[in-house]
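Engineer: This is the structure I want to talk about, given as structure tokens.
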Amino acid sequence: MNEVADRVPETLDPVDRRIVTATQAGLPLVPAPYAEIGRWLGLTEAEVIARMEAMQARGVIRRIAVAPNHYALGMTANGMSVWDVDDARASALGQRVGALPYVTHCYLRPRARPMWPYNLFAMLHGSTREEVEAKRQDVAALLGDACAASDILYSTRILKKTGLRLRDGD
Amino acid sequence: MNRRTVLPEGSLDATDRAILNALQDGFPLSPRPFDEAAEPLGLAGAELIARLARLREVGATTRFGPFFDAAAMGGAFCLCAMAVPEADFEAVVTKVNAHDEVAHNYARDHALNMWFVLATDTPEGIDRTAAEIERETGLEVLMFPKLEEFFIGFRVQA
């Protein structure tokens, strides 16, 4: 899951909230995009930049970047790999798994024994199922004896996928 | 363009790939950010803008701009899973998806065969929605809230 917000962000002041709403579909492709956003909202370029910097510092904006369409680029296979990792080492190892270039959405989550012994989740991407399985072996090697069990779940069907959107101020 | 379409061979040149690789990591918050980002790529700002427009047009990118952390803005999220008997699967899909709080939902090849994400205004909304789904379906909803995130960003080698 990524990142664009749903729901009312009550922790944002009204001006920040308008900036979020104005930019959640993307930055305008013009030479001075922050000045352009300012024109939409009646703010100066400096105000827009300062507020976005502050939101980035608070973690409201994680980053400003391009998101490649990994499917279009040939990464058509993906699986949710899950790992039962020794709690004492899970945080440090999760950091290393999350840094692998083919991993997205890497999280520590609670186990639900007995059905679910896994605490580390990492989405693996590749151009084929075989490639994803090979990457899974690489992750297993990285985790080594800290990992007691693992599995990988492939999606068989998308049952619902909503475009998450922040509602405009109400 | 459909997001679930692979671009034909040769759709992207080396400069396009360099742009995709470079701009996954960040983009400046400055008055002339395209000029600034274009320079290390050996491009002019106007050419970077034109190429980004084309990359979006052909579907090579899904988004260009700020990525927001919904939790930091006051929302709550939780990954949930259920073990749904095959015979009831479609009926349960209908009941689960009827909740606006269900942001996405995937069938997966496991005993826990339904995985969905709840997104609510408040943390209490997560528990309330999960309890409603349990009552409506008679099935247990296992909850997997994130305890720690290892967010490095997804670097597709374009």
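By convention in this document, the chains of the structure tokens carry letters A, B, ... by their order, each chain's residues are numbered from 1, and ligands are numbered from 1 in the order they are shown.
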Show me, as a list of chain:residue names, the residues that have an atom within 12 Å of Leu159 in chain A when counting only C-alpha atoms, minus same-chain residues fewer than 4 positions from it.
Structural biologist: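 The contact residues come out as A:Ser155, B:Phe89, B:Glu90, B:Val92, B:Val93, B:Thr94, B:Lys95, B:Val96, B:Asn97, B:Ala98, B:Val102, B:Ala103, B:His104, B:Asn105, B:Tyr106, B:Ala107, B:Arg108, B:Asn113, B:Met114, B:Trp115, B:Phe116, B:Val117.
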Engineer: Do me a favour and pick out the residues of chain B within 6 Å of chain A, using only C-alpha atoms, as a VMD selection string.
Structural biologist: chain B and resid 5 to 7 23 to 24 26 to 27 31 to 32 49 60 to 70 72 to 74 103 to 109 121 144 to 150 152 154 to 155
Engineer: Which distance in Å separates CA of Ser127 in chain A and CA of Asp16 in chain B, to one decimal?
Structural biologist: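 Answer for the CA of Ser127 in chain A to CA of Asp16 in chain B separation: 19.5 Å.
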Engineer: Among chain B, which ones does DSSP place in alpha helix (DSSP H), written as a PyMOL selection string?
Structural biologist: chain B and resi 14-23+33-38+45-58+89-97+123-137
Engineer: In Å, with one decimal, what is the gap from CA of Ala87 in chain B to CA of His110 in chain B?
Structural biologist: 15.4 Å
Engineer: Expressed in Å to a single decimal, how great is the separation between CA of Ser150 in chain A and CA of Pro117 in chain A?
Structural biologist: 8.7 Å
Engineer: According to DSSP computed on the backbone, where in range 67-149 of chain B is there strand (DSSP E or B)? Give the residues as a list in words.
Structural biologist: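 Reading the DSSP output for range 67-149 of chain B, strand (DSSP E or B) covers Phe67, Phe68, Ala76, Phe77, Cys78, Leu79, Cys80, Ala81, Met82, Val102, Ala103, His104, Asn105, Tyr106, Ala107, Arg108, Met114, Trp115, Phe116, Val117, Leu118, Ala119, Thr120, Leu142, Met143, Phe144, Glu148 and Glu149 of chain B.
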Engineer: Met143 in chain B: which residues within 9 Å, counting only C-alpha atoms, same-chain residues fewer than 6 positions away excluded, as a list in words?
Structural biologist: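 My list of contacting residues is Pro110 and Ala112 of chain A; Cys78, Leu79, Cys80, Ala81 and Ala130 of chain B.
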Engineer: Pick the closest to Glu134 in chain B from B:Ala83, B:Ala119, B:Ala14, B:Ala22: which is it, counting only C-alpha atoms?
Structural biologist: B:Ala83
Engineer: Go through A:Ala54, A:Ala88, A:Leu43, A:Ala77 and flag the residue nearest Leu124 in chain A, using only C-alpha atoms for the distances.
Structural biologist: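 Using only C-alpha atoms, the shortest distance to Leu124 in chain A belongs to A:Ala77.
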Engineer: Write out as a ChimeraX atom specification each polymer residue whose atoms come within 12 Å of Leu43 in chain B, counting only C-alpha atoms; drop sequence neighbours fewer than 6 positions from it.
Structural biologist: /B:15-16,18-19,34-37,49-51
